[in-house]
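Just below is one structure, and these are the notes that go with it.
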Amino acid sequence: MSSIKKIVAKESSFFWAVPAVTWQVLFFYIPVALIFLISFFRAGLAGGFPTATLENYIYFLGPSFFLVILRSLLLGLVNGILCLLCAYPVAYCLAIKINRFKNLFLFFLILPFWTSLMVQVYSWFFVLEHNGLLNTILLKLGIIQQPLHLLNNTFAIYLVMVYCYLPFMIMPLYSALEKIDRRVFEAAADLGATQWQTFIRVTVPLSMAGIRTGFFLVFVPSFGELVVPILLGGGKQLFVGPLITQYFLSARNPALGAAFTCISCIMLLIAVGLLYLFFKKYMGTTTAKGKI
């Protein structure tokens with residue numbers, strides 16, 4: 001009888017996993033495979049059959065396209081670092097310092113996710129524009145004499161990117177910091193460690209899993225970000241997301257768009273691999289090591 005129950009439990013778990021697997025195959029693996037195949041074809045003349053070619057990849061061998069990819073990698077890297085610097089104090093206070101109203105603060109943290117990303121991005125126009133909220137406050141305080149140019153530049157892109165992706169960094173950090181046994185801090189204090197030494201040699205190493213997870217959660221989607229560079233960057237600099245969109249929607253050339261997508265994905269995977277090795281070699285410890 002127990003063996004039958006085990007078989008039923010095993011089969012039921014498989015049954016509940018089928019919808020998730022089906023969804024992943026239909027909306028991830030098949031589209032990725034189609035993009036990969038389209039990148040090797042060129043549309044025939046007068047609506048003829050497409051022919052296989054490598055011209056789509058050869059077209060992107062110029063340095064200008066690699067500059068676009070490097071610019072997007074830099075965008076993801078800088079955004080990940082800035083989000084980490086801003087998120088760690090917030091996550092540290094929520095997980096370790098705050099005891100009351102913690103759930104309320106977490107609610108306010110995830111509240112922006114209830115609003116459309118487009119609405120969030122467009123709201124920054126009213127903050128950063130020539131006569132916007134920020135310039136008005138600075139003028140009233142006498143800090144500046146004339147409005148600053150805060151829109152359609154790199155500053156606006158990075159500012160709004162940090163705002164949009166900050167919760168993706170805070171939540172993994174909060175989860176990792178909350179799991180730390182508080183007795184570790186008491187042991188460090190008993191051994192004569194200062195608060196700063198405890199933070200550097202105990203807290204940070206024990207939260208490294210959250211740092212790594214949060215960084216990749218920010219870095220990977222930032223690489224292909226579309227909305228923020230277009231709306232707040234003014235189109236002055238090309239990034240991977242807008243360029244791919246331009247090939248698919250404006251130029252109506254899905255073959256070139258698919259080829260550039262594949263090249264960008266390969267470069268992204270290489271960058272992720274290098275960053276993973278960096279975290280593993282220099283920041284990979286998950287337990288506090290060394291003398292306090």
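Ligands are numbered from 1 in the order shown, residues from 1 within each chain, and chains are lettered A, B, ... in the order they appear in the structure tokens.
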Residue list (strand (DSSP E or B), DSSP) for stretch 14-261 of chain A, as a PyMOL selection string: chain A and resi 41-42+51-52
Could you dump the residues just selected with N, CA and C atoms as a short mmCIF file (atom, residue, chain, number, x, y, z; two decimals), in the first residue's frame?
data_model
loop_
_atom_site.label_atom_id
_atom_site.label_comp_id
_atom_site.auth_asym_id
_atom_site.auth_seq_id
_atom_site.Cartn_x
_atom_site.Cartn_y
_atom_site.Cartn_z
N PHE A 41 19.18 32.65 -42.32
CA PHE A 41 18.48 32.67 -43.60
C PHE A 41 18.35 34.09 -44.13
N ARG A 42 18.25 34.16 -45.45
CA ARG A 42 18.03 35.42 -46.13
C ARG A 42 16.80 35.27 -47.00
N THR A 51 17.12 31.48 -48.41
CA THR A 51 18.34 30.70 -48.61
C THR A 51 19.24 30.84 -47.39
N ALA A 52 19.96 29.77 -47.08
CA ALA A 52 20.87 29.77 -45.94
C ALA A 52 22.09 30.60 -46.26
#
Spatial neighbours of A:His130, max dist 9 Å, only C-alpha atoms, sep filter under 4 positions, as a VMD selection string: chain A and resid 126 134 to 136 147 to 151
Stretch 227-230 of chain A surroundings by only C-alpha atoms, 10 Å radius, close-in-sequence under 5 positions cut, as JSON, numbers by chain: {"A": [117, 118, 121, 122, 152, 153, 154, 156, 157, 158, 159, 160, 161, 164, 222, 235, 236, 237, 238, 239, 240, 241, 242]}
Export N, CA and C atoms of the chosen residues as an mmCIF file, in the first residue's frame?
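Listing of result_33.cif after writing:
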data_model
loop_
_atom_site.group_PDB
_atom_site.id
_atom_site.type_symbol
_atom_site.label_atom_id
_atom_site.label_comp_id
_atom_site.auth_asym_id
_atom_site.auth_seq_id
_atom_site.Cartn_x
_atom_site.Cartn_y
_atom_site.Cartn_z
ATOM 1 N N LEU A 117 5.430 49.519 -15.737
ATOM 2 C CA LEU A 117 6.766 50.080 -15.912
ATOM 3 C C LEU A 117 6.725 51.352 -16.744
ATOM 4 N N MET A 118 5.853 51.399 -17.738
ATOM 5 C CA MET A 118 5.733 52.592 -18.566
ATOM 6 C C MET A 118 5.287 53.792 -17.736
ATOM 7 N N VAL A 121 8.254 54.977 -15.638
ATOM 8 C CA VAL A 121 9.264 55.689 -16.423
ATOM 9 C C VAL A 121 8.754 57.065 -16.832
ATOM 10 N N TYR A 122 7.503 57.136 -17.290
ATOM 11 C CA TYR A 122 6.958 58.420 -17.708
ATOM 12 C C TYR A 122 6.842 59.395 -16.540
ATOM 13 N N ASN A 152 17.294 63.163 -21.338
ATOM 14 C CA ASN A 152 17.935 62.808 -22.608
ATOM 15 C C ASN A 152 19.457 62.750 -22.489
ATOM 16 N N ASN A 153 19.928 62.135 -21.428
ATOM 17 C CA ASN A 153 21.368 61.951 -21.251
ATOM 18 C C ASN A 153 21.620 60.671 -20.458
ATOM 19 N N THR A 154 22.894 60.381 -20.281
ATOM 20 C CA THR A 154 23.282 59.147 -19.588
ATOM 21 C C THR A 154 22.863 59.178 -18.121
ATOM 22 N N ALA A 156 20.171 60.450 -16.778
ATOM 23 C CA ALA A 156 18.766 60.069 -16.646
ATOM 24 C C ALA A 156 18.585 58.564 -16.810
ATOM 25 N N ILE A 157 19.338 57.976 -17.739
ATOM 26 C CA ILE A 157 19.227 56.528 -17.968
ATOM 27 C C ILE A 157 19.623 55.758 -16.711
ATOM 28 N N TYR A 158 20.784 56.080 -16.153
ATOM 29 C CA TYR A 158 21.260 55.334 -14.991
ATOM 30 C C TYR A 158 20.396 55.590 -13.760
ATOM 31 N N LEU A 159 19.918 56.808 -13.609
ATOM 32 C CA LEU A 159 19.071 57.120 -12.455
ATOM 33 C C LEU A 159 17.795 56.296 -12.464
ATOM 34 N N VAL A 160 17.119 56.269 -13.599
ATOM 35 C CA VAL A 160 15.851 55.544 -13.682
ATOM 36 C C VAL A 160 16.082 54.031 -13.705
ATOM 37 N N MET A 161 17.192 53.593 -14.266
ATOM 38 C CA MET A 161 17.511 52.161 -14.236
ATOM 39 C C MET A 161 17.687 51.675 -12.803
ATOM 40 N N CYS A 164 14.244 51.469 -11.169
ATOM 41 C CA CYS A 164 13.400 50.363 -11.635
ATOM 42 C C CYS A 164 13.898 49.005 -11.151
ATOM 43 N N SER A 222 19.122 44.256 -17.420
ATOM 44 C CA SER A 222 19.602 45.601 -17.756
ATOM 45 C C SER A 222 20.323 45.610 -19.097
ATOM 46 N N GLY A 235 17.531 58.691 -27.432
ATOM 47 C CA GLY A 235 18.035 58.063 -28.649
ATOM 48 C C GLY A 235 19.425 58.516 -29.044
ATOM 49 N N LYS A 236 20.157 59.158 -28.124
ATOM 50 C CA LYS A 236 21.490 59.654 -28.456
ATOM 51 C C LYS A 236 22.523 58.533 -28.480
ATOM 52 N N GLN A 237 22.286 57.469 -27.731
ATOM 53 C CA GLN A 237 23.189 56.328 -27.696
ATOM 54 C C GLN A 237 22.394 55.058 -27.955
ATOM 55 N N LEU A 238 22.964 54.192 -28.772
ATOM 56 C CA LEU A 238 22.302 52.935 -29.096
ATOM 57 C C LEU A 238 22.686 51.865 -28.085
ATOM 58 N N PHE A 239 21.683 51.103 -27.671
ATOM 59 C CA PHE A 239 21.896 49.950 -26.818
ATOM 60 C C PHE A 239 21.319 48.720 -27.512
ATOM 61 N N VAL A 240 21.559 47.563 -26.932
ATOM 62 C CA VAL A 240 21.166 46.305 -27.576
ATOM 63 C C VAL A 240 19.657 46.225 -27.769
ATOM 64 N N GLY A 241 18.893 46.506 -26.727
ATOM 65 C CA GLY A 241 17.437 46.395 -26.810
ATOM 66 C C GLY A 241 16.826 47.265 -27.893
ATOM 67 N N PRO A 242 17.109 48.573 -27.915
ATOM 68 C CA PRO A 242 16.550 49.415 -28.979
ATOM 69 C C PRO A 242 17.006 49.016 -30.375
#
Please, which residues in stretch 85-127 of chain A fall within 10 Å of stretch 197-218 of chain A when counting only C-alpha atoms, and what is the closest atom pair and distance in Å to one decimal for each, ordered by chain then residue number, as a Markdown table?
| residue | atom | partner | partner_atom | distance |
| --- | --- | --- | --- | --- |
| A:Ala87 | CA | A:Gly214 | CA | 9.5 |
| A:Tyr88 | CA | A:Ile211 | CA | 8.6 |
| A:Tyr92 | CA | A:Thr203 | CA | 9.3 |
Point-to-point distance from atom CA of A:Ile35 to atom CA of A:Ala258, Å rounded to tenths: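 Atom CA of A:Ile35 sits 5.3 Å away from atom CA of A:Ala258.
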Interatomic distance, atom CA of A:Phe219 to atom CA of A:Phe168 (Å, one decimal):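 Spanning atom CA of A:Phe219 to atom CA of A:Phe168 is a straight-line distance of 10.2 Å.
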Exercise: A:Pro112 partners within 10 Å, only C-alpha atoms, chain neighbours under 4 positions left out, as a ChimeraX atom specification: /A:107-108,116-117,120,163-164,167
Atom CA of A:Gly80 to atom CA of A:Phe248, distance in Å rounded to a single decimal: 28.0 Å
Pick from A:Ser175, A:Gln146, A:Ser250, A:Ser123, whichever lies nearest to A:Ile96 using only C-alpha atoms: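 Using only C-alpha atoms, A:Ile96 sits closest to A:Ser175.
Using only C-alpha atoms, the smallest distance between any of A:Leu75, A:Val68, A:Ile263, A:Ile144 and A:Phe223 comes from A:Leu75.
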Test item: residues at most 12 Å from A:Cys265, only C-alpha atoms, excluding those fewer than 5 positions along its chain, as a PyMOL selection string: chain A and resi 32+35-36+69+72-73+220-221+223-224+240-241+244+258-260+270-272
Which of A:Phe27, A:Phe155, A:Tyr165, A:Phe60 sits closest to A:Leu84 [using only C-alpha atoms]: A:Tyr165
Alpha helix (DSSP H) call set, DSSP backbone run, stretch 202-292 of chain A, as JSON, numbers by chain: {"A": [204, 205, 206, 208, 209, 210, 211, 212, 213, 214, 215, 216, 217, 218, 219, 220, 221, 222, 223, 227, 228, 229, 230, 231, 232, 233, 240, 241, 242, 243, 244, 245, 254, 255, 256, 257, 258, 259, 260, 261, 262, 263, 264, 265, 266, 267, 268, 269, 270, 271, 272, 273, 274, 275, 276, 277, 278, 279, 280, 281, 282]}
Selection near A:Leu34, 12 Å with only C-alpha atoms, sequence-local residues under 3 positions removed, as JSON, numbers by chain: {"A": [26, 27, 28, 29, 30, 31, 37, 38, 39, 40, 41, 254, 255, 258, 259, 261, 262]}
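The closest residue to A:Arg71, picked from A:Lys97, A:Glu225, A:Leu54, A:Phe279 and counting only C-alpha atoms, is A:Glu225.
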